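Raw my_file-v9.txt, compact mmCIF, C-alpha atoms:
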```txt
# COMPACT_ATOMS: atom_id res chain seq x y z
CA ASP A 1 -13.86 30.53 -45.66
CA PRO A 2 -16.61 29.17 -43.38
CA GLY A 3 -16.75 25.84 -45.24
CA ALA A 4 -13.03 25.15 -45.16
CA VAL A 5 -11.83 22.19 -43.12
CA VAL A 6 -9.84 23.09 -39.99
CA PRO A 7 -6.50 21.26 -40.22
CA ALA A 8 -5.49 19.11 -37.27
CA PRO A 9 -2.55 20.34 -35.17
CA GLN A 10 0.77 18.71 -36.07
CA ASN A 11 4.14 17.95 -34.44
CA LEU A 12 2.92 17.27 -30.90
CA SER A 13 5.66 16.81 -28.32
CA VAL A 14 6.16 17.19 -24.59
CA HIS A 15 8.98 19.23 -23.09
CA SER A 16 9.43 18.04 -19.52
CA ALA A 17 11.98 19.22 -16.99
CA ASN A 18 11.94 18.98 -13.18
CA MET A 19 8.46 17.44 -13.22
CA LYS A 20 6.93 20.35 -15.19
CA HIS A 21 5.39 19.07 -18.40
CA LEU A 22 4.60 21.30 -21.39
CA LEU A 23 2.74 19.90 -24.40
CA VAL A 24 3.55 21.86 -27.57
CA TRP A 25 2.44 21.63 -31.22
CA SER A 26 2.66 23.55 -34.48
CA PRO A 27 0.05 26.36 -34.71
CA VAL A 28 -2.85 26.01 -37.12
CA ILE A 29 -2.94 29.06 -39.39
CA LEU A 30 -6.36 30.19 -40.71
CA PRO A 31 -6.01 33.75 -42.09
CA GLY A 32 -8.64 36.06 -40.70
CA GLU A 33 -9.93 33.49 -38.21
CA THR A 34 -9.42 32.97 -34.49
CA VAL A 35 -8.21 29.49 -33.69
CA HIS A 36 -8.52 27.84 -30.29
CA TYR A 37 -7.14 24.49 -29.15
CA TRP A 38 -8.66 21.81 -26.89
CA VAL A 39 -6.42 19.39 -25.03
CA GLU A 40 -7.58 16.10 -23.51
CA TYR A 41 -5.74 13.30 -21.73
CA GLN A 42 -6.09 9.67 -20.76
CA GLY A 43 -4.05 7.88 -18.13
CA GLU A 44 -3.09 4.26 -18.60
CA TYR A 45 -6.07 3.31 -16.40
CA GLU A 46 -8.48 4.89 -18.85
CA SER A 47 -6.63 3.43 -21.83
CA LEU A 48 -6.91 -0.05 -20.34
CA TYR A 49 -10.43 -0.02 -18.84
CA MET A 50 -12.37 2.95 -20.26
CA SER A 51 -10.79 3.79 -23.58
CA HIS A 52 -13.79 5.91 -24.57
CA VAL A 53 -13.13 8.27 -21.63
CA TRP A 54 -10.99 11.33 -22.34
CA ILE A 55 -10.58 14.01 -19.68
CA PRO A 56 -10.38 17.73 -20.57
CA SER A 57 -7.02 19.22 -19.57
CA SER A 58 -7.10 21.36 -16.45
CA TRP A 59 -5.91 24.54 -18.19
CA CYS A 60 -6.35 24.08 -21.92
CA SER A 61 -9.94 23.38 -22.79
CA PRO A 62 -9.77 25.71 -24.59
CA THR A 63 -6.48 27.60 -24.98
CA PRO A 64 -5.43 30.21 -27.59
CA GLY A 65 -1.76 29.25 -27.90
CA PRO A 66 -0.02 26.21 -29.38
CA GLU A 67 1.09 24.91 -25.98
CA CYS A 68 -0.40 23.52 -22.78
CA ASP A 69 0.99 23.02 -19.27
CA VAL A 70 -0.20 19.50 -18.49
CA THR A 71 1.67 19.20 -15.18
CA ASP A 72 -1.58 19.15 -13.15
CA ASP A 73 -3.03 16.47 -15.43
CA ILE A 74 -0.07 14.06 -15.36
CA THR A 75 -0.37 13.01 -11.73
CA ALA A 76 0.78 9.38 -11.76
CA THR A 77 3.85 7.56 -13.02
CA VAL A 78 2.08 5.73 -15.84
CA PRO A 79 1.92 6.44 -19.59
CA TYR A 80 -0.54 9.22 -20.49
CA ARG A 81 -2.10 9.66 -23.92
CA LEU A 82 -2.65 13.29 -24.92
CA ARG A 83 -4.61 14.69 -27.86
CA VAL A 84 -5.28 18.15 -29.29
CA ARG A 85 -7.72 19.55 -31.78
CA ALA A 86 -8.21 23.04 -33.23
CA THR A 87 -11.48 24.91 -33.55
CA SER A 88 -12.53 28.04 -35.42
CA GLY A 89 -16.01 29.10 -34.48
CA PRO A 90 -18.28 26.05 -34.81
CA ARG A 91 -15.79 24.09 -36.93
CA ALA A 92 -13.38 21.64 -35.39
CA SER A 93 -10.40 19.70 -36.69
CA ALA A 94 -9.73 16.04 -36.21
CA TRP A 95 -7.88 15.06 -33.04
CA SER A 96 -4.11 14.76 -33.17
CA ALA A 97 -2.61 12.35 -30.66
CA LEU A 98 0.82 12.48 -29.06
CA LYS A 99 2.89 9.45 -30.00
CA PRO A 100 4.24 7.69 -28.03
CA PRO A 101 2.29 8.37 -24.81
CA PHE A 102 4.12 10.43 -22.19
CA ASN A 103 5.34 9.08 -18.85
CA ARG A 104 6.59 11.58 -16.27
CA ASN A 105 9.46 9.28 -15.35
CA SER A 106 11.14 10.61 -18.51
CA THR A 107 11.32 14.15 -17.16
CA LEU A 108 14.74 15.82 -17.25
CA LEU A 109 16.00 16.26 -13.69
CA LEU A 110 18.45 19.16 -13.49
CA PRO A 111 21.03 19.69 -10.75
CA PRO A 112 19.40 21.99 -8.18
CA ARG A 113 20.38 25.61 -7.85
CA MET A 114 21.67 26.45 -4.38
CA ALA A 115 23.21 29.29 -2.38
CA VAL A 116 25.91 28.40 0.13
CA ARG A 117 26.98 30.95 2.77
CA LYS A 118 28.27 31.42 6.30
CA ASP A 119 26.15 32.47 9.18
CA GLY A 120 28.68 33.23 11.87
CA SER A 121 30.57 29.97 12.21
CA HIS A 122 27.80 27.92 10.65
CA LEU A 123 27.65 26.51 7.10
CA VAL A 124 24.27 27.33 5.57
CA ILE A 125 22.59 26.28 2.32
CA GLU A 126 19.45 27.50 0.60
CA LEU A 127 17.91 25.38 -2.16
CA GLU A 128 15.46 26.41 -4.87
CA ASP A 129 11.86 25.35 -4.35
CA LEU A 130 11.00 22.85 -7.10
CA GLY A 131 7.71 21.71 -5.66
CA PRO A 132 6.44 19.18 -3.10
CA GLN A 133 7.70 16.09 -4.94
CA PHE A 134 11.34 17.10 -4.57
CA GLU A 135 13.84 16.21 -1.85
CA PHE A 136 17.51 17.08 -1.92
CA PHE A 137 20.56 15.02 -1.05
CA VAL A 138 23.21 17.44 0.23
CA THR A 139 26.84 16.52 0.89
CA PHE A 140 29.39 18.82 2.54
CA TRP A 141 32.98 18.49 3.61
CA ARG A 142 35.93 20.40 4.90
CA LYS A 143 38.46 20.97 2.12
CA ALA A 144 41.43 19.20 3.67
CA PRO A 145 43.31 15.95 2.98
CA GLY A 146 41.38 12.95 4.26
CA ALA A 147 38.42 15.04 5.30
CA LYS A 148 35.20 13.07 5.80
CA GLU A 149 32.13 13.81 3.62
CA HIS A 150 28.86 14.45 5.51
CA ALA A 151 25.40 13.95 4.04
CA LYS A 152 21.91 15.30 4.79
CA VAL A 153 18.50 14.82 3.12
CA VAL A 154 16.58 18.10 2.90
CA ARG A 155 12.84 17.73 2.42
CA SER A 156 11.51 21.24 2.85
CA VAL A 157 13.05 24.21 1.06
CA GLY A 158 12.58 27.91 0.72
CA PHE A 159 14.52 28.74 3.86
CA PRO A 160 18.14 28.36 5.08
CA VAL A 161 19.28 24.92 6.22
CA TYR A 162 22.10 24.82 8.77
CA LEU A 163 24.56 22.10 7.85
CA GLY A 164 26.98 22.42 10.73
CA ALA A 165 29.63 24.38 12.58
CA MET A 166 32.88 25.36 10.85
CA GLU A 167 36.35 25.89 12.20
CA PRO A 168 38.18 29.19 11.71
CA GLY A 169 40.59 29.34 8.75
CA ALA A 170 39.05 26.29 7.02
CA VAL A 171 37.34 25.97 3.65
CA TYR A 172 34.10 24.06 3.43
CA CYS A 173 32.41 22.81 0.24
CA VAL A 174 28.83 21.75 -0.53
CA LYS A 175 27.06 20.01 -3.42
CA ALA A 176 23.48 18.80 -3.84
CA ARG A 177 21.30 16.64 -6.07
CA ALA A 178 17.52 16.42 -6.43
CA LEU A 179 15.53 13.26 -5.58
CA VAL A 180 12.00 12.52 -6.82
CA ARG A 181 10.58 9.38 -5.14
CA ALA A 182 7.40 9.44 -7.23
CA ILE A 183 9.48 8.49 -10.28
CA ALA A 184 12.35 6.84 -8.34
CA ARG A 185 14.98 9.03 -9.95
CA ARG A 186 17.57 11.64 -9.02
CA SER A 187 19.46 14.41 -10.77
CA ALA A 188 23.20 14.83 -11.22
CA PHE A 189 25.06 16.70 -8.48
CA SER A 190 25.33 20.44 -8.73
CA GLN A 191 28.75 22.07 -8.99
CA ALA A 192 30.39 22.22 -5.56
CA GLN A 193 30.34 25.63 -3.89
CA CYS A 194 32.94 26.47 -1.21
CA VAL A 195 33.19 29.09 1.52
CA GLU A 196 36.19 30.09 3.61
CA VAL A 197 35.98 30.82 7.30
CA GLN A 198 37.93 33.86 8.48
CA GLY A 199 40.36 33.70 11.37
CA GLU A 200 43.40 31.66 12.34
CA ALA A 201 43.36 27.94 11.70
CA LEU A 202 43.34 26.06 15.05
CA PRO A 203 46.64 24.32 15.99
CA LEU A 204 46.45 20.55 15.39
CA SER B 1 6.25 8.97 -0.23
CA LEU B 2 5.97 5.65 1.64
CA GLY B 3 7.79 2.33 1.22
CA PHE B 4 5.59 -0.82 1.66
CA ARG B 5 6.84 -2.69 4.69
CA ARG B 6 8.26 -5.52 2.65
CA CYS B 7 8.14 -4.10 -0.84
CA LEU B 8 9.67 -0.67 -0.93
CA ILE B 9 7.25 1.00 -3.34
CA SER B 10 6.80 4.70 -3.40
CA VAL B 11 3.25 6.01 -3.08
CA ASP B 12 2.69 9.75 -3.46
CA MET B 13 0.36 9.68 -0.44
CA ARG B 14 0.15 13.46 -0.17
CA HIS B 15 -1.20 13.72 -3.70
CA LEU B 16 -3.63 10.81 -3.24
CA GLU B 17 -5.07 12.32 -0.07
CA ARG B 18 -5.38 15.73 -1.70
CA SER B 19 -7.18 14.23 -4.72
CA PHE B 20 -9.59 12.40 -2.42
CA GLN B 21 -10.25 15.39 -0.16
CA GLU B 22 -11.38 17.37 -3.22
CA ILE B 23 -14.14 14.88 -4.03
CA LYS B 24 -14.90 13.33 -0.63
CA ARG B 25 -17.93 15.46 0.29
CA THR B 26 -19.54 15.08 -3.12
CA LEU B 27 -19.09 11.31 -3.10
CA GLN B 28 -20.26 10.87 0.48
CA ASN B 29 -23.34 13.04 -0.20
CA LYS B 30 -24.30 10.61 -2.99
CA ASP B 31 -24.06 7.66 -0.57
CA VAL B 32 -27.67 6.65 0.11
CA PHE B 33 -26.82 3.99 2.73
CA GLN B 34 -25.13 6.15 5.36
CA ASN B 35 -25.67 3.62 8.18
CA VAL B 36 -23.81 0.85 6.34
CA THR B 37 -20.04 0.54 5.75
CA ILE B 38 -18.01 -1.61 3.36
CA LEU B 39 -14.46 -1.05 4.56
CA SER B 40 -15.33 -1.33 8.27
CA THR B 41 -13.23 -4.48 8.58
CA LEU B 42 -10.14 -2.34 8.02
CA GLN B 43 -10.58 -0.93 11.51
CA SER B 44 -10.41 -4.48 12.86
CA LEU B 45 -7.22 -5.09 10.89
CA GLN B 46 -5.13 -3.02 13.26
CA GLY B 47 -3.31 -6.08 14.52
CA ILE B 48 -2.43 -7.38 11.08
CA LYS B 49 1.07 -8.88 10.91
CA PRO B 50 3.71 -7.03 8.83
CA ILE B 51 4.04 -10.06 6.58
CA ASP B 52 0.38 -9.71 5.55
CA VAL B 53 0.50 -5.99 4.79
CA CYS B 54 1.61 -6.48 1.18
CA CYS B 55 -1.09 -9.08 0.48
CA VAL B 56 -3.91 -6.99 2.00
CA THR B 57 -2.67 -3.95 0.09
CA ARG B 58 -2.58 -5.87 -3.17
CA ASN B 59 -6.05 -7.34 -2.61
CA LEU B 60 -7.57 -3.96 -1.72
CA LEU B 61 -5.95 -2.29 -4.72
CA ALA B 62 -7.49 -5.03 -6.89
CA PHE B 63 -10.86 -4.47 -5.15
CA TYR B 64 -10.76 -0.80 -6.11
CA MET B 65 -9.26 -1.26 -9.57
CA ASP B 66 -11.27 -4.27 -10.76
CA LYS B 67 -14.60 -3.54 -9.06
CA VAL B 68 -15.18 -0.12 -7.54
CA LEU B 69 -13.61 2.08 -10.22
CA LYS B 70 -15.16 0.00 -13.01
CA ASP B 71 -18.61 -0.04 -11.42
CA HIS B 72 -18.65 3.74 -10.90
CA GLN B 73 -19.68 5.91 -13.85
CA GLU B 74 -18.77 9.52 -13.06
CA PRO B 75 -20.50 12.25 -15.12
CA ASN B 76 -18.86 15.25 -13.43
CA PRO B 77 -15.56 16.16 -15.21
CA GLN B 78 -13.98 17.62 -12.05
CA ILE B 79 -14.76 14.48 -10.05
CA ARG B 80 -13.67 12.28 -12.95
CA ARG B 81 -10.32 14.11 -13.08
CA GLN B 82 -9.59 13.32 -9.40
CA ILE B 83 -10.81 9.72 -9.73
CA SER B 84 -8.53 9.34 -12.77
CA SER B 85 -5.61 10.63 -10.74
CA ILE B 86 -6.32 8.13 -7.96
CA ALA B 87 -6.92 5.26 -10.40
CA ASN B 88 -3.67 5.86 -12.27
CA SER B 89 -1.73 6.16 -9.01
CA PHE B 90 -3.23 2.84 -7.85
CA LEU B 91 -2.35 1.32 -11.24
CA HIS B 92 1.27 2.39 -10.83
CA THR B 93 1.35 0.97 -7.30
CA GLN B 94 -0.19 -2.30 -8.49
CA LYS B 95 2.45 -2.67 -11.18
CA THR B 96 5.21 -2.03 -8.68
CA LEU B 97 3.68 -4.49 -6.19
CA GLN B 98 3.61 -7.13 -8.89
CA GLN B 99 7.38 -6.88 -9.26
CA CYS B 100 7.97 -7.98 -5.68
CA GLU B 101 4.88 -10.15 -5.33
CA GLN B 102 6.52 -13.55 -5.31
CA ARG B 103 8.96 -12.95 -2.54
CA TRP B 104 6.99 -10.90 -0.08
CA CYS B 105 3.28 -10.89 -0.77
CA HIS B 106 2.34 -13.88 1.36
CA CYS B 107 -1.41 -14.23 2.10
CA SER B 108 -2.35 -15.70 5.50
CA GLN B 109 -5.91 -16.94 6.11
CA GLU B 110 -6.52 -13.90 8.31
CA ALA B 111 -5.50 -11.52 5.54
CA THR B 112 -7.60 -13.38 2.98
CA ASN B 113 -10.62 -13.33 5.30
CA ALA B 114 -10.26 -9.62 5.90
CA THR B 115 -10.46 -8.73 2.23
CA SER B 116 -13.18 -11.33 1.56
CA ILE B 117 -15.39 -9.61 4.13
CA ILE B 118 -14.98 -6.34 2.27
CA GLN B 119 -15.89 -8.11 -0.96
CA ASP B 120 -18.97 -9.63 0.68
CA ASN B 121 -20.04 -6.25 2.09
CA TYR B 122 -19.77 -4.82 -1.42
CA ASP B 123 -21.79 -7.59 -3.04
CA GLN B 124 -24.70 -7.09 -0.64
CA LEU B 125 -25.46 -3.63 -2.01
CA GLU B 126 -26.77 -2.58 -5.40
CA VAL B 127 -23.64 -2.21 -7.53
CA ARG B 128 -23.73 1.58 -8.14
CA ALA B 129 -24.53 2.27 -4.48
CA ALA B 130 -21.72 -0.05 -3.42
CA ALA B 131 -19.25 1.64 -5.76
CA ILE B 132 -20.11 5.16 -4.60
CA LYS B 133 -19.92 4.07 -0.93
CA SER B 134 -16.52 2.40 -1.44
CA LEU B 135 -15.19 5.51 -3.17
CA GLY B 136 -16.48 7.61 -0.29
CA GLU B 137 -14.63 5.32 2.12
CA LEU B 138 -11.29 5.65 0.29
CA ASP B 139 -9.95 7.66 3.22
CA ILE B 140 -10.22 4.51 5.37
CA PHE B 141 -8.03 2.62 2.88
CA LEU B 142 -5.58 5.53 2.50
CA ALA B 143 -5.31 5.87 6.29
CA TRP B 144 -4.69 2.12 6.52
CA ILE B 145 -1.93 2.35 3.89
CA ASN B 146 -0.45 5.35 5.69
CA LYS B 147 -0.41 3.50 9.01
CA ASN B 148 0.85 0.17 7.74
CA HIS B 149 3.39 1.36 5.27
CA GLN B 150 5.54 3.67 7.37
CA GLU B 151 8.95 3.83 5.68
CA THR B 152 11.34 1.51 7.41
CA SER B 153 14.40 3.86 6.99
```
Can the structure in the file be given as structure tokens, please?
Amino acid sequence: DPGAVVPAPQNLSVHSANMKHLLVWSPVILPGETVHYWVEYQGEYESLYMSHVWIPSSWCSPTPGPECDVTDDITATVPYRLRVRATSGPRASAWSALKPPFNRNSTLLLPPRMAVRKDGSHLVIELEDLGPQFEFFVTFWRKAPGAKEHAKVVRSVGFPVYLGAMEPGAVYCVKARALVRAIARRSAFSQAQCVEVQGEALPL
Amino acid sequence: SLGFRRCLISVDMRHLERSFQEIKRTLQNKDVFQNVTILSTLQSLQGIKPIDVCCVTRNLLAFYMDKVLKDHQEPNPQIRRQISSIANSFLHTQKTLQQCEQRWCHCSQEATNATSIIQDNYDQLEVRAAAIKSLGELDIFLAWINKNHQETS
């Protein structure tokens, strides 16, 4: 029905994990019509000093689906206001605004996935690449009474990081957590992973 | 990220520089007074004492937030998006600086003079021209932050 009002999208929320932010909402159903959605945002700066200024989202002006990756729009650690409207042909709904505004410092930081292995007599770790804002705090130790824990901050990922030499017959364990300075937060530690070095343990 | 010499505040410098690089040529092409500079005094600030770094940073952030960004009206959505990213990053940094302001943000006469000169340079130009020039010179300010706020760890 060309004269019918286009309902505004409802139930806006942001799902954010590991600094990836996805705005979602309930779809607007108009039988027989093609609905598109337009997403706009405002950082706290705009809210404070230029409240009339709304910026079209990088990827969702327009978008066909009831979701929008706003990661490239949320680029500072301040509250961001987000709004969505639906259109069908020339007709547009009212704007629906996300309440409360979203701040990326609320993102869910998950323990990083890692692969621990031996390279000869060396302890090696490989960490998943979560993007340029992530650093990793890695601790490793020899599994033995009174063994000292060593620590290393890993800033670039995507390739093996050598943690140190291992002694034959010993077991070494590693765990890691993610750090994001831009929001001054860190994740929980991952589960420890251990590897055993072949060969005879050295006499004490 | 960098920690301010006295106030350990994290600035996502890589993102700021990338945002600026995307709009630098466009902004600098709009600058009609190419033979004049507003942030030139920053080059002369190389010998600024560590104790003044926080104050100069705070004053220059205020210069950009309260004057330059307000005086500049940007019609181009792509440019506006990058300016918004920079403005909101500066806003976050300002708020964090305010938390440690009392203890560390001492202003010597030298530091005050340095930022007053920049203000004076700005006021001598027509406001829109001054704003566009100051935005085009953001790399001078970012380089100054980069140099003066090396992490102490």
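With distances taken over all atoms listed in the file, A:Arg104 is the one residue among A:Arg104, A:His122, A:Lys148, A:Arg177 lying closest to chain B.
Candidate residues B:Ala62, B:Ile118, B:Val32, B:Leu69 were compared for distance to chain A, and the nearest is B:Leu69, using all atoms listed in the file.
Within the 10 Å cut-off around A:Tyr41, using only C-alpha atoms and omitting residues fewer than 6 positions from it on the same chain, the listed residues are A:Ser47, A:Val53, A:Trp54, A:Ile55, A:Pro56, A:Ser57, A:Ser58, A:Val70, A:Asp73, A:Ile74, A:Tyr80, A:Arg81, A:Leu82, A:Arg83, A:Val84, A:Ala97, A:Leu98, A:Pro101, B:Arg81.
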How close does chain A get to chain B? List, as JSON lines, each residue of chain A within 7 Å, its nearest atom pair and the distance in Å to one decimal, counting all atoms listed in the file.
```
{"residue": "A:Gly43", "atom": "CA", "partner": "B:Asn88", "partner_atom": "CA", "distance": 6.2}
{"residue": "A:Glu44", "atom": "CA", "partner": "B:Asn88", "partner_atom": "CA", "distance": 6.6}
{"residue": "A:Tyr45", "atom": "CA", "partner": "B:Asn88", "partner_atom": "CA", "distance": 5.4}
{"residue": "A:Ile55", "atom": "CA", "partner": "B:Arg81", "partner_atom": "CA", "distance": 6.6}
{"residue": "A:Thr75", "atom": "CA", "partner": "B:Ser85", "partner_atom": "CA", "distance": 5.8}
{"residue": "A:Ala76", "atom": "CA", "partner": "B:Ser89", "partner_atom": "CA", "distance": 4.9}
{"residue": "A:Thr77", "atom": "CA", "partner": "B:His92", "partner_atom": "CA", "distance": 6.2}
{"residue": "A:Val78", "atom": "CA", "partner": "B:His92", "partner_atom": "CA", "distance": 6.1}
{"residue": "A:Arg181", "atom": "CA", "partner": "B:Ser10", "partner_atom": "CA", "distance": 6.3}
{"residue": "A:Ala182", "atom": "CA", "partner": "B:Asp12", "partner_atom": "CA", "distance": 6.0}
```
| field | Contacts of A:Arg185 at 10 Å (all atoms listed in the file; same-chain gap of 6+ positions) as an MDAnalysis selection string | value | chainID A and resid 105:109 178:179
| message | Env of stretch 125-140 of chain A: 8 Å cut, atoms = only C-alpha atoms, seq-sep filter 3 positions within chain, self excluded. Answer as number ranges by chain. | response | A: 18, 112-117, 149-163, 172-182
When you look at A:Ala165 with a cut-off of 7 Å (counting only C-alpha atoms), what residues show up, excluding the ones that are within fewer than 2 positions of it in the same chain? I need them as a compact mmCIF listing (two decimals) with C-alpha atoms, keeping the file's coordinate frame.
```txt
# COMPACT_ATOMS: atom_id res chain seq x y z
CA SER A 121 30.57 29.97 12.21
CA HIS A 122 27.80 27.92 10.65
CA LEU A 123 27.65 26.51 7.10
CA GLU A 167 36.35 25.89 12.20
```
Please identify all polymer residues lying at most 9 Å from the point (6.9, 19.4, -22.9) (file coordinates), using only C-alpha atoms, and present the result as a CSV table (one decimal) with C-alpha atoms, in the frame of the given file.
```
chain,number,residue,atom,x,y,z
A,13,SER,CA,5.7,16.8,-28.3
A,14,VAL,CA,6.2,17.2,-24.6
A,15,HIS,CA,9.0,19.2,-23.1
A,16,SER,CA,9.4,18.0,-19.5
A,17,ALA,CA,12.0,19.2,-17.0
A,20,LYS,CA,6.9,20.4,-15.2
A,21,HIS,CA,5.4,19.1,-18.4
A,22,LEU,CA,4.6,21.3,-21.4
A,23,LEU,CA,2.7,19.9,-24.4
A,24,VAL,CA,3.6,21.9,-27.6
A,67,GLU,CA,1.1,24.9,-26.0
A,68,CYS,CA,-0.4,23.5,-22.8
A,69,ASP,CA,1.0,23.0,-19.3
A,70,VAL,CA,-0.2,19.5,-18.5
A,107,THR,CA,11.3,14.2,-17.2
```
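In this model, the gap between atom CA of A:Val39 and atom CA of B:Phe20 comes to 23.9 Å.
Of the residues under consideration (A:Ser88, A:Glu40, A:Ile183, A:Gly199), A:Ser88 shows the shortest atom-to-atom contact distance to A:Ala4 when counting only C-alpha atoms.
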| Could you state the separation of atom CA of B:Ile117 and atom CA of B:Leu39 in Å, given to one decimal place? | 8.6 Å
